[in-house]
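**Student:** Quick one, target_30.pdb (PDB, C-alpha atoms):
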```
ATOM      1  CA  MET A 110     130.436  58.113 -99.534
ATOM      2  CA  ILE A 111     126.815  58.393 -98.324
ATOM      3  CA  GLU A 112     125.812  56.622-101.530
ATOM      4  CA  GLN A 113     128.099  53.712-100.614
ATOM      5  CA  LEU A 114     126.729  53.599 -97.092
ATOM      6  CA  LEU A 115     123.134  53.328 -98.327
ATOM      7  CA  HIS A 116     123.938  50.381-100.582
ATOM      8  CA  ARG A 117     125.825  48.439 -97.937
ATOM      9  CA  PRO A 118     123.990  45.414 -96.449
ATOM     10  CA  TRP A 119     122.954  45.668 -92.805
ATOM     11  CA  PRO A 120     124.637  43.485 -90.148
ATOM     12  CA  TRP A 121     122.590  41.055 -88.021
ATOM     13  CA  TYR A 122     122.628  43.341 -84.985
ATOM     14  CA  VAL A 123     120.795  46.015 -86.971
ATOM     15  CA  THR A 124     118.477  43.687 -88.903
ATOM     16  CA  GLY A 125     117.326  41.502 -86.001
ATOM     17  CA  PRO A 126     116.323  44.262 -83.565
ATOM     18  CA  LEU A 127     114.467  46.076 -86.380
ATOM     19  CA  VAL A 128     112.465  42.914 -87.149
ATOM     20  CA  GLY A 129     111.571  42.764 -83.460
ATOM     21  CA  LEU A 130     110.633  46.432 -83.569
ATOM     22  CA  VAL A 131     108.204  45.799 -86.457
ATOM     23  CA  ALA A 132     106.407  43.138 -84.390
ATOM     24  CA  VAL A 133     106.204  45.394 -81.320
ATOM     25  CA  SER A 134     105.065  48.392 -83.416
ATOM     26  CA  LEU A 135     102.190  46.484 -85.049
ATOM     27  CA  LEU A 136     100.977  45.499 -81.600
ATOM     28  CA  ALA A 137     101.284  49.073 -80.343
ATOM     29  CA  ILE A 138      99.611  50.623 -83.398
ATOM     30  CA  GLY A 139      96.476  48.535 -83.491
ATOM     31  CA  ASN A 140      96.896  45.330 -81.451
ATOM     32  CA  LYS A 141      97.917  43.485 -84.622
ATOM     33  CA  GLN A 142      99.887  40.242 -84.526
ATOM     34  CA  PHE A 143     102.870  40.237 -86.870
ATOM     35  CA  GLY A 144     102.405  37.229 -89.174
ATOM     36  CA  VAL A 145     102.725  37.196 -92.947
ATOM     37  CA  SER A 146     101.243  33.812 -93.894
ATOM     38  CA  SER A 147      97.735  34.858 -92.755
ATOM     39  CA  ASN A 148      97.692  36.892 -95.957
ATOM     40  CA  LEU A 149      97.618  33.707 -98.038
ATOM     41  CA  ARG A 150      94.323  32.842 -96.303
ATOM     42  CA  HIS A 151      93.020  36.397 -96.719
ATOM     43  CA  LEU A 152      93.813  36.264-100.456
ATOM     44  CA  CYS A 153      91.850  33.013-100.747
ATOM     45  CA  ALA A 154      88.945  34.522 -98.777
ATOM     46  CA  ALA A 155      88.965  37.652-100.946
ATOM     47  CA  PHE A 156      89.332  36.088-104.383
ATOM     48  CA  ALA A 157      88.359  32.414-104.309
ATOM     49  CA  PRO A 158      86.477  31.396-101.155
ATOM     50  CA  GLY A 159      84.457  28.752-103.049
ATOM     51  CA  SER A 160      82.259  26.863-100.611
ATOM     52  CA  VAL A 161      85.071  26.300 -98.118
ATOM     53  CA  PRO A 162      84.053  27.288 -94.553
ATOM     54  CA  TYR A 163      87.706  28.132 -93.703
ATOM     55  CA  PHE A 164      87.486  31.067 -96.138
ATOM     56  CA  LYS A 165      84.050  32.297 -95.058
ATOM     57  CA  TYR A 166      84.886  35.186 -92.768
ATOM     58  CA  ASP A 167      85.040  38.960 -92.989
ATOM     59  CA  TRP A 168      88.555  39.263 -94.433
ATOM     60  CA  ARG A 169      88.233  43.047 -94.608
ATOM     61  CA  HIS A 170      87.716  43.145 -90.860
ATOM     62  CA  THR A 171      90.500  40.746 -89.849
ATOM     63  CA  GLY A 172      92.896  40.904 -92.779
ATOM     64  CA  LEU A 173      92.796  44.191 -94.662
ATOM     65  CA  TRP A 174      95.485  45.739 -92.446
ATOM     66  CA  ASN A 175      97.767  42.766 -93.138
ATOM     67  CA  LEU A 176      97.178  42.845 -96.915
ATOM     68  CA  VAL A 177      98.027  46.555 -96.855
ATOM     69  CA  PHE A 178     101.133  45.694 -94.787
ATOM     70  CA  ILE A 179     102.263  43.090 -97.336
ATOM     71  CA  LEU A 180     101.683  45.534-100.188
ATOM     72  CA  GLY A 181     104.101  47.775 -98.314
ATOM     73  CA  VAL A 182     106.563  44.877 -98.094
ATOM     74  CA  VAL A 183     106.529  44.603-101.910
ATOM     75  CA  ALA A 184     107.266  48.358-102.138
ATOM     76  CA  GLY A 185     109.963  48.044 -99.457
ATOM     77  CA  GLY A 186     111.479  45.136-101.407
ATOM     78  CA  PHE A 187     111.803  47.460-104.402
ATOM     79  CA  ILE A 188     113.465  50.162-102.301
ATOM     80  CA  GLY A 189     115.874  47.795-100.514
ATOM     81  CA  GLY A 190     116.424  45.332-103.345
ATOM     82  CA  VAL A 191     116.553  47.629-106.382
ATOM     83  CA  LEU A 192     117.071  51.287-105.413
ATOM     84  CA  LEU A 193     119.482  50.480-102.565
ATOM     85  CA  ALA A 194     120.744  47.184-104.004
ATOM     86  CA  ASN A 195     124.061  45.876-102.744
ATOM     87  CA  PRO A 196     126.383  45.621-105.795
ATOM     88  CA  HIS A 197     128.433  42.868-104.135
ATOM     89  CA  PRO A 198     127.503  39.206-103.577
ATOM     90  CA  VAL A 199     125.837  38.325-100.248
ATOM     91  CA  ALA A 200     128.708  37.709 -97.816
ATOM     92  CA  ILE A 201     127.905  34.144 -96.801
ATOM     93  CA  SER A 202     130.623  32.069 -95.121
ATOM     94  CA  ALA A 203     133.302  30.313 -97.173
ATOM     95  CA  ALA A 204     131.900  27.008 -95.907
ATOM     96  CA  ALA A 205     128.464  27.973 -97.247
ATOM     97  CA  VAL A 206     129.923  28.870-100.658
ATOM     98  CA  THR A 207     131.665  25.491-100.833
ATOM     99  CA  SER A 208     128.501  23.677 -99.751
ATOM    100  CA  LEU A 209     126.233  25.491-102.237
ATOM    101  CA  ALA A 210     128.755  25.085-105.056
ATOM    102  CA  THR A 211     128.250  21.309-104.768
ATOM    103  CA  LEU A 212     124.652  21.978-105.903
ATOM    104  CA  GLY A 213     126.046  23.400-109.121
ATOM    105  CA  ILE A 214     125.639  27.070-108.181
ATOM    106  CA  ARG A 215     128.273  29.159-110.006
ATOM    107  CA  ASP A 216     126.808  32.663-109.862
ATOM    108  CA  PHE A 217     126.811  34.002-106.300
ATOM    109  CA  SER A 218     125.812  37.558-107.242
ATOM    110  CA  GLY A 219     122.424  39.064-106.381
ATOM    111  CA  LEU A 220     120.007  38.165-103.577
ATOM    112  CA  VAL A 221     118.983  34.829-105.119
ATOM    113  CA  PRO A 222     120.868  32.649-107.640
ATOM    114  CA  ARG A 223     119.860  33.642-111.162
ATOM    115  CA  GLU A 224     120.442  30.053-112.284
ATOM    116  CA  LEU A 225     117.515  28.884-110.130
ATOM    117  CA  PHE A 226     115.068  31.787-110.177
ATOM    118  CA  ASN A 227     114.231  32.705-113.757
ATOM    119  CA  TRP A 228     111.258  32.052-116.040
ATOM    120  CA  GLN A 229     113.036  29.412-118.173
ATOM    121  CA  VAL A 230     113.497  27.216-115.122
ATOM    122  CA  LEU A 231     109.730  26.607-115.055
ATOM    123  CA  LEU A 232     110.064  24.719-118.325
ATOM    124  CA  THR A 233     112.190  22.022-116.678
ATOM    125  CA  LEU A 234     110.607  19.343-114.487
ATOM    126  CA  ARG A 235     113.063  19.935-111.624
ATOM    127  CA  GLY A 236     112.645  23.688-111.784
ATOM    128  CA  PHE A 237     108.861  23.425-111.929
ATOM    129  CA  LEU A 238     108.812  21.130-108.885
ATOM    130  CA  MET A 239     111.145  23.484-107.015
ATOM    131  CA  ILE A 240     109.154  26.665-107.751
ATOM    132  CA  VAL A 241     105.576  25.385-107.779
ATOM    133  CA  GLY A 242     106.007  22.425-105.417
ATOM    134  CA  GLY A 243     108.009  24.496-102.948
ATOM    135  CA  GLY A 244     105.494  27.334-103.039
ATOM    136  CA  PHE A 245     102.596  24.914-102.588
ATOM    137  CA  LEU A 246     104.247  23.350 -99.519
ATOM    138  CA  ILE A 247     104.866  26.809 -98.037
ATOM    139  CA  GLY A 248     101.188  27.727 -98.443
ATOM    140  CA  PHE A 249      99.810  24.388 -97.292
ATOM    141  CA  GLY A 250     102.207  24.025 -94.369
ATOM    142  CA  THR A 251     101.827  27.551 -92.986
ATOM    143  CA  ALA A 252      98.020  27.286 -93.083
ATOM    144  CA  TYR A 253      98.060  23.808 -91.482
ATOM    145  CA  GLY A 254     100.651  24.846 -88.893
ATOM    146  CA  GLY A 255      98.960  28.168 -88.219
ATOM    147  CA  GLY A 256     101.937  30.409 -88.949
ATOM    148  CA  CYS A 257     105.365  30.861 -90.480
ATOM    149  CA  THR A 258     108.731  32.317 -89.551
ATOM    150  CA  SER A 259     107.076  35.625 -88.559
ATOM    151  CA  GLY A 260     103.869  34.449 -86.848
ATOM    152  CA  HIS A 261     105.419  31.521 -84.962
ATOM    153  CA  GLY A 262     109.131  32.372 -85.149
ATOM    154  CA  ILE A 263     108.828  35.949 -83.931
ATOM    155  CA  THR A 264     105.328  36.669 -82.556
ATOM    156  CA  GLY A 265     104.645  33.249 -81.002
ATOM    157  CA  LEU A 266     108.136  32.749 -79.547
ATOM    158  CA  ALA A 267     108.320  36.319 -78.221
ATOM    159  CA  ASP A 268     104.960  35.669 -76.504
ATOM    160  CA  LEU A 269     106.428  32.426 -75.053
ATOM    161  CA  GLN A 270     103.807  30.197 -76.678
ATOM    162  CA  LEU A 271     104.587  26.467 -76.623
ATOM    163  CA  PRO A 272     102.722  25.645 -79.887
ATOM    164  CA  SER A 273     104.964  28.144 -81.670
ATOM    165  CA  LEU A 274     108.120  26.572 -80.230
ATOM    166  CA  ILE A 275     106.968  23.178 -81.523
ATOM    167  CA  ALA A 276     106.252  24.639 -84.974
ATOM    168  CA  VAL A 277     109.608  26.454 -85.086
ATOM    169  CA  ILE A 278     111.590  23.320 -84.170
ATOM    170  CA  SER A 279     109.599  21.386 -86.755
ATOM    171  CA  PHE A 280     110.105  23.828 -89.631
ATOM    172  CA  PHE A 281     113.807  24.341 -88.908
ATOM    173  CA  ALA A 282     114.381  20.576 -88.824
ATOM    174  CA  ALA A 283     112.395  20.028 -92.030
ATOM    175  CA  GLY A 284     114.067  23.018 -93.674
ATOM    176  CA  ALA A 285     117.521  21.648 -92.888
ATOM    177  CA  ALA A 286     116.519  18.231 -94.235
ATOM    178  CA  ALA A 287     115.069  19.768 -97.409
ATOM    179  CA  SER A 288     118.180  21.864 -98.040
ATOM    180  CA  VAL A 289     120.503  18.886 -97.671
ATOM    181  CA  PHE A 290     118.427  16.050 -99.170
ATOM    182  CA  LEU A 291     115.749  17.529-101.465
ATOM    183  CA  LEU A 292     117.460  20.567-102.953
ATOM    184  CA  PRO A 293     120.165  18.497-104.748
ATOM    185  CA  LEU A 294     117.363  16.593-106.516
ATOM    186  CA  LEU A 295     115.485  19.726-107.558
ATOM    187  CA  VAL A 296     118.195  22.141-108.680
ATOM    188  CA  PRO A 297     117.886  22.329-112.468
ATOM    189  CA  ARG A 298     120.987  21.172-114.298
TER     190      ARG A 298
ATOM    191  CA  MET B 264      81.445  56.060 -90.753
ATOM    192  CA  THR B 265      79.130  53.446 -92.197
ATOM    193  CA  SER B 266      77.898  50.384 -90.339
ATOM    194  CA  GLN B 267      80.580  48.412 -92.162
ATOM    195  CA  HIS B 268      83.809  48.037 -90.192
ATOM    196  CA  ARG B 269      86.522  50.399 -91.322
ATOM    197  CA  GLU B 270      90.073  49.691 -90.358
ATOM    198  CA  PRO B 271      91.766  52.794 -88.978
ATOM    199  CA  LEU B 272      95.451  53.569 -89.501
ATOM    200  CA  LEU B 273      95.794  51.665 -92.790
ATOM    201  CA  GLY B 274      98.490  54.143 -93.821
ATOM    202  CA  ALA B 275     100.509  53.208 -90.741
ATOM    203  CA  TYR B 276     100.357  49.507 -91.657
ATOM    204  CA  PHE B 277     101.471  50.286 -95.188
ATOM    205  CA  GLY B 278     104.367  52.314 -93.774
ATOM    206  CA  MET B 279     105.358  49.465 -91.446
ATOM    207  CA  GLY B 280     105.212  47.113 -94.443
ATOM    208  CA  VAL B 281     107.548  49.342 -96.456
ATOM    209  CA  PHE B 282     109.912  49.483 -93.482
ATOM    210  CA  PHE B 283     109.802  45.685 -93.041
ATOM    211  CA  GLY B 284     110.404  45.187 -96.781
ATOM    212  CA  ILE B 285     113.527  47.357 -96.574
ATOM    213  CA  VAL B 286     114.723  45.474 -93.467
ATOM    214  CA  LEU B 287     114.162  42.121 -95.217
ATOM    215  CA  THR B 288     116.162  43.142 -98.304
ATOM    216  CA  LYS B 289     118.940  45.221 -96.720
ATOM    217  CA  GLY B 290     119.266  42.618 -93.950
ATOM    218  CA  GLU B 291     119.508  39.920 -96.672
ATOM    219  CA  LEU B 292     116.725  37.866 -95.064
ATOM    220  CA  VAL B 293     115.243  37.536 -98.561
ATOM    221  CA  SER B 294     118.467  35.975 -99.774
ATOM    222  CA  TRP B 295     118.393  32.325-100.821
ATOM    223  CA  PHE B 296     122.122  32.308-100.018
ATOM    224  CA  ARG B 297     121.512  33.384 -96.399
ATOM    225  CA  ILE B 298     118.654  30.929 -95.833
ATOM    226  CA  GLU B 299     120.474  27.945 -97.301
ATOM    227  CA  GLU B 300     123.634  28.937 -95.377
ATOM    228  CA  ALA B 301     121.613  28.728 -92.155
ATOM    229  CA  LEU B 302     119.714  25.537 -93.020
ATOM    230  CA  ARG B 303     123.030  23.800 -93.816
ATOM    231  CA  PHE B 304     124.517  25.132 -90.551
ATOM    232  CA  LYS B 305     127.322  26.880 -92.425
ATOM    233  CA  GLY B 306     126.974  30.267 -90.731
ATOM    234  CA  PRO B 307     125.286  31.925 -87.734
ATOM    235  CA  TYR B 308     123.773  34.977 -89.497
ATOM    236  CA  LEU B 309     120.091  33.940 -89.550
ATOM    237  CA  TYR B 310     120.238  32.578 -86.001
ATOM    238  CA  LEU B 311     121.741  35.831 -84.720
ATOM    239  CA  VAL B 312     118.985  37.793 -86.496
ATOM    240  CA  PHE B 313     116.291  35.622 -84.879
ATOM    241  CA  ALA B 314     117.879  35.829 -81.428
ATOM    242  CA  SER B 315     118.268  39.617 -81.546
ATOM    243  CA  ALA B 316     114.750  40.057 -82.968
ATOM    244  CA  LEU B 317     113.361  38.052 -80.042
ATOM    245  CA  ALA B 318     115.530  40.010 -77.616
ATOM    246  CA  VAL B 319     113.574  43.102 -78.688
ATOM    247  CA  ALA B 320     110.139  41.575 -79.314
ATOM    248  CA  ALA B 321     109.820  39.473 -76.123
ATOM    249  CA  PRO B 322     110.343  42.308 -73.598
ATOM    250  CA  GLY B 323     108.385  44.652 -75.883
ATOM    251  CA  PHE B 324     105.381  42.323 -75.902
ATOM    252  CA  ALA B 325     105.614  41.699 -72.159
ATOM    253  CA  LEU B 326     105.675  45.414 -71.442
ATOM    254  CA  LEU B 327     102.685  46.166 -73.680
ATOM    255  CA  GLU B 328     100.615  43.222 -72.399
ATOM    256  CA  ARG B 329     101.364  43.442 -68.674
ATOM    257  CA  ARG B 330     100.830  47.186 -68.472
ATOM    258  CA  ARG B 331      97.380  46.725 -70.062
ATOM    259  CA  VAL B 332      98.003  49.681 -72.321
ATOM    260  CA  ARG B 333      95.770  50.417 -75.268
ATOM    261  CA  SER B 334      96.989  50.581 -78.844
ATOM    262  CA  PHE B 335      96.987  53.834 -80.821
ATOM    263  CA  ALA B 336      93.791  52.577 -82.456
ATOM    264  CA  GLY B 337      92.260  52.309 -78.974
ATOM    265  CA  GLU B 338      91.978  48.552 -78.457
ATOM    266  CA  PRO B 339      93.382  46.842 -75.369
ATOM    267  CA  ILE B 340      96.593  45.023 -76.298
ATOM    268  CA  ALA B 341      96.458  41.235 -75.968
ATOM    269  CA  ILE B 342      97.938  38.401 -78.014
ATOM    270  CA  PRO B 343      95.473  35.495 -78.202
ATOM    271  CA  PRO B 344      97.146  32.207 -77.205
ATOM    272  CA  LYS B 345      97.471  29.516 -79.898
ATOM    273  CA  VAL B 346      95.299  26.483 -79.195
ATOM    274  CA  MET B 347      97.504  23.474 -78.482
ATOM    275  CA  GLY B 348      94.952  20.690 -79.036
ATOM    276  CA  ARG B 349      96.835  17.485 -79.774
ATOM    277  CA  GLY B 350      99.580  19.553 -81.348
ATOM    278  CA  VAL B 351      99.585  17.564 -84.597
ATOM    279  CA  ARG B 352      99.100  20.666 -86.716
ATOM    280  CA  TYR B 353     102.224  22.353 -85.325
ATOM    281  CA  VAL B 354     104.458  19.357 -85.985
ATOM    282  CA  ALA B 355     102.988  18.340 -89.368
ATOM    283  CA  GLY B 356     102.154  21.808 -90.668
ATOM    284  CA  GLY B 357     105.495  23.128 -89.475
ATOM    285  CA  ALA B 358     107.316  20.270 -91.198
ATOM    286  CA  LEU B 359     105.503  20.748 -94.531
ATOM    287  CA  PHE B 360     106.205  24.468 -94.430
ATOM    288  CA  GLY B 361     109.851  23.735 -93.554
ATOM    289  CA  LEU B 362     110.223  21.494 -96.603
ATOM    290  CA  GLY B 363     108.937  24.260 -98.873
ATOM    291  CA  TRP B 364     111.114  26.815 -97.099
ATOM    292  CA  GLY B 365     114.236  24.713 -97.609
ATOM    293  CA  ILE B 366     113.426  24.076-101.276
ATOM    294  CA  VAL B 367     112.588  27.669-102.218
ATOM    295  CA  GLY B 368     114.950  29.340 -99.743
ATOM    296  CA  ALA B 369     112.356  31.944 -98.799
ATOM    297  CA  CYS B 370     109.467  32.167 -96.344
ATOM    298  CA  PRO B 371     106.237  34.156 -96.959
ATOM    299  CA  GLY B 372     107.488  37.676 -96.051
ATOM    300  CA  PRO B 373     110.588  37.448 -98.267
ATOM    301  CA  LEU B 374     108.505  35.974-101.119
ATOM    302  CA  PHE B 375     106.563  39.231-101.356
ATOM    303  CA  ALA B 376     109.679  41.377-100.851
ATOM    304  CA  LEU B 377     111.460  39.500-103.659
ATOM    305  CA  VAL B 378     108.608  40.296-106.049
ATOM    306  CA  GLY B 379     109.286  43.961-105.296
ATOM    307  CA  ALA B 380     113.029  43.386-105.618
ATOM    308  CA  GLY B 381     112.468  42.339-109.226
ATOM    309  CA  VAL B 382     112.653  38.528-109.008
ATOM    310  CA  GLY B 383     109.587  38.079-111.208
ATOM    311  CA  VAL B 384     109.299  34.310-110.971
ATOM    312  CA  MET B 385     108.557  34.683-107.234
ATOM    313  CA  VAL B 386     105.038  35.667-108.315
ATOM    314  CA  VAL B 387     104.618  32.026-109.320
ATOM    315  CA  VAL B 388     105.846  30.870-105.887
ATOM    316  CA  CYS B 389     103.328  33.246-104.250
ATOM    317  CA  LEU B 390     100.470  31.926-106.408
ATOM    318  CA  ALA B 391     101.488  28.331-105.663
ATOM    319  CA  ALA B 392     101.503  29.224-101.952
ATOM    320  CA  VAL B 393      97.962  30.645-102.231
ATOM    321  CA  ALA B 394      96.934  27.410-103.970
ATOM    322  CA  GLY B 395      98.532  25.438-101.112
ATOM    323  CA  THR B 396      96.611  27.414 -98.512
ATOM    324  CA  TRP B 397      93.387  26.946-100.483
ATOM    325  CA  THR B 398      93.993  23.189-100.631
ATOM    326  CA  TYR B 399      94.528  23.136 -96.869
ATOM    327  CA  GLY B 400      91.239  24.971 -96.376
ATOM    328  CA  TYR B 401      89.478  22.421 -98.558
ATOM    329  CA  LEU B 402      91.021  19.390 -96.813
ATOM    330  CA  ARG B 403      90.877  20.887 -93.315
ATOM    331  CA  PRO B 404      87.885  18.845 -92.050
ATOM    332  CA  ARG B 405      89.719  15.626 -92.922
ATOM    333  CA  LEU B 406      93.122  16.519 -91.429
ATOM    334  CA  PRO B 407      94.243  15.770 -87.858
ATOM    335  CA  HIS B 408      94.877  18.889 -85.758
TER     336      HIS B 408
END
```
Represent the structure contained in this file as structure tokens.

**Tutor:**
Amino acid sequence: MIEQLLHRPWPWYVTGPLVGLVAVSLLAIGNKQFGVSSNLRHLCAAFAPGSVPYFKYDWRHTGLWNLVFILGVVAGGFIGGVLLANPHPVAISAAAVTSLATLGIRDFSGLVPRELFNWQVLLTLRGFLMIVGGGFLIGFGTAYGGGCTSGHGITGLADLQLPSLIAVISFFAAGAAASVFLLPLLVPR
Amino acid sequence: MTSQHREPLLGAYFGMGVFFGIVLTKGELVSWFRIEEALRFKGPYLYLVFASALAVAAPGFALLERRRVRSFAGEPIAIPPKVMGRGVRYVAGGALFGLGWGIVGACPGPLFALVGAGVGVMVVVCLAAVAGTWTYGYLRPRLPH
């Protein structure tokens, strides 16, 4: 009974407020702005700054807390995604199932489709472009745009910052376009 | 304490990270299915999560900032405003990130959570993202902002 309860996915009205709570807590703990993509810059600064001025800063001073935070996220992903894994498929709408089936997705179990996210997929051109190209765009775009779904979408919007609203509108529009127009070209078949 | 800056409360940030990682996975925000559902406008889940997150974060921020309270670490609480400039970076950078987000079906937080959740190939997405950020840093002087 309790076991079942722990493995059940959380509804939006639990998930959303808790995400907001994380952002507020980080501010209250140490005046830290919730934003995950900064870590990509901190990783560059820590491991491969080269001669690039953008990576010449004291990453321990500005970023160590965030790198520790993201290490926690990996651990939390193990707890929520493995130890407390939901045995049932993610309950997306019937319309979403129909729409994603047109991409050739057959297996709707797990958090991500196994057909797309496995090591073999890297050996196909489409799969390589999806995994490596997609990841590259995420890293390039968040650095250029100064934030991602957490930094702009939560922190910036909650602080009523206009630049964040512009970034959010832009990445939602581009995300929708990519899902509809690019994904069909990149799904390995 | 040495002259070198030492970040206090690192354990608290790790704990918040663990909590956020559990929220991301149990709330299915790491799920490709949920993200693509939202980006194809086939279900309201992600939008409801965002709206309710902001419903907590916005008044929370306002309260902490207006009251001029100090954080547990002792600093005054203030969120630095983002520099608008010509705004090119927010439109172009946002769009490039959005393309990657739509293709991979995960944004930076979920990428790290999925590594923990056992989707090994996400390590490659993370490394590619670091390479993307590095490339931005290298090209930064030549890009419009």

**Student:** Do a neighbour search on Phe156 in chain A at 12 Å with only C-alpha atoms, toss out local chain neighbours closer than 4 positions, and write the hits as a list of chain:residue names.

**Tutor:** A:Asn148, A:Leu149, A:Arg150, A:His151, A:Leu152, A:Phe164, A:Lys165, A:Trp168, B:Val393, B:Ala394, B:Trp397

**Student:** For the residues selected in the previous step, produce a file with C-alpha atoms as a PDB file, in the frame of the given file.

**Tutor:**
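Final output, result_33.pdb:
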```pdb
ATOM      1  CA  ASN A 148      97.692  36.892 -95.957  1.00  0.00           C
ATOM      2  CA  LEU A 149      97.618  33.707 -98.038  1.00  0.00           C
ATOM      3  CA  ARG A 150      94.323  32.842 -96.303  1.00  0.00           C
ATOM      4  CA  HIS A 151      93.020  36.397 -96.719  1.00  0.00           C
ATOM      5  CA  LEU A 152      93.813  36.264-100.456  1.00  0.00           C
ATOM      6  CA  PHE A 164      87.486  31.067 -96.138  1.00  0.00           C
ATOM      7  CA  LYS A 165      84.050  32.297 -95.058  1.00  0.00           C
ATOM      8  CA  TRP A 168      88.555  39.263 -94.433  1.00  0.00           C
TER       9      TRP A 168
ATOM     10  CA  VAL B 393      97.962  30.645-102.231  1.00  0.00           C
ATOM     11  CA  ALA B 394      96.934  27.410-103.970  1.00  0.00           C
ATOM     12  CA  TRP B 397      93.387  26.946-100.483  1.00  0.00           C
TER      13      TRP B 397
END
```

**Student:** Pull out every residue that the PyMOL selection byres ((chain B and resi 279) around 8) matches in the shown coordinates and put them as a compact mmCIF listing (two decimals) with C-alpha atoms, keeping the file's coordinate frame.

**Tutor:**
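The result, written out as selection-v1.txt:
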```
# COMPACT_ATOMS: atom_id res chain seq x y z
CA VAL A 131 108.20 45.80 -86.46
CA LEU A 135 102.19 46.48 -85.05
CA PHE A 178 101.13 45.69 -94.79
CA GLY A 181 104.10 47.78 -98.31
CA ALA B 275 100.51 53.21 -90.74
CA TYR B 276 100.36 49.51 -91.66
CA PHE B 277 101.47 50.29 -95.19
CA GLY B 278 104.37 52.31 -93.77
CA GLY B 280 105.21 47.11 -94.44
CA VAL B 281 107.55 49.34 -96.46
CA PHE B 282 109.91 49.48 -93.48
CA PHE B 283 109.80 45.68 -93.04
```

**Student:** Around the point (96.8, 20.2, -80.4) in the file's coordinates, collect all residues with an atom within 12 Å, using all atoms listed in the file, and return them as a ChimeraX atom specification.

**Tutor:** /A:253-255,271-273,275-276 /B:345-356,407-408

**Student:** Find the spatial neighbours of Trp121 in chain A, counting only C-alpha atoms, within a cut-off of 8 Å - ignore same-chain residues fewer than 5 positions away - and output them as an NGL selection string.

**Tutor:** :B and (290 or 308-309 or 311-312 or 315)

**Student:** Atoms to include: C-alpha atoms. Write the selected residues as a compact mmCIF listing (two decimals), keeping the file's coordinate frame.

**Tutor:**
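Everything below was put into result_12.txt:
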```
# COMPACT_ATOMS: atom_id res chain seq x y z
CA GLY B 290 119.27 42.62 -93.95
CA TYR B 308 123.77 34.98 -89.50
CA LEU B 309 120.09 33.94 -89.55
CA LEU B 311 121.74 35.83 -84.72
CA VAL B 312 118.98 37.79 -86.50
CA SER B 315 118.27 39.62 -81.55
```

**Student:** Could you tell me which of B:Pro344, B:Gly274, B:Gly365, B:Pro373 comes closest to Val182 in chain A if we count all atoms listed in the file?

**Tutor:**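 Selected residue with least distance to Val182 in chain A: B:Pro373.
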
**Student:** Would you mind reading off the distance between CA of Lys289 in chain B and CA of Trp119 in chain A, one decimal, in Å?

**Tutor:**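 Answer for the CA of Lys289 in chain B to CA of Trp119 in chain A separation: 5.6 Å.
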
**Student:** Expand the PyMOL selection byres ((chain B and resi 285) around 12) into the individual residues it matches in the shown file, reporting them as a count of residues only.

**Tutor:** 44

**Student:** What separation in Å, quoted to one decimal, exists between CA of Ile214 in chain A and CA of Ala369 in chain B?

**Tutor:**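 Computing the Euclidean distance for CA of Ile214 in chain A and CA of Ala369 in chain B yields 17.0 Å.
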
**Student:** Go through B:Gly383, B:Gly368, B:Pro271, B:Pro322 one by one, measure the shortest atom-to-atom distance of each to Glu300 in chain B using all atoms listed in the file, and give the residue with the smallest value.

**Tutor:**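 Closest to Glu300 in chain B, using all atoms listed in the file: B:Gly368.
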
**Student:** Kindly give the distance, in Å, that separates CA of Lys305 in chain B and CA of Val206 in chain A, rounded to a single decimal.

**Tutor:**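 Computed distance, CA of Lys305 in chain B to CA of Val206 in chain A, equals 8.9 Å.
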
**Student:** Taking every listed atom of range 271-277 of chain A and adding 5 Å to each side, what centre and edge lengths in Å (one decimal) does the axis-aligned box have, as JSON?

**Tutor:**
```
{"center_x": 106.2, "center_y": 25.7, "center_z": -80.9, "size_x": 16.9, "size_y": 15.0, "size_z": 18.5}
```
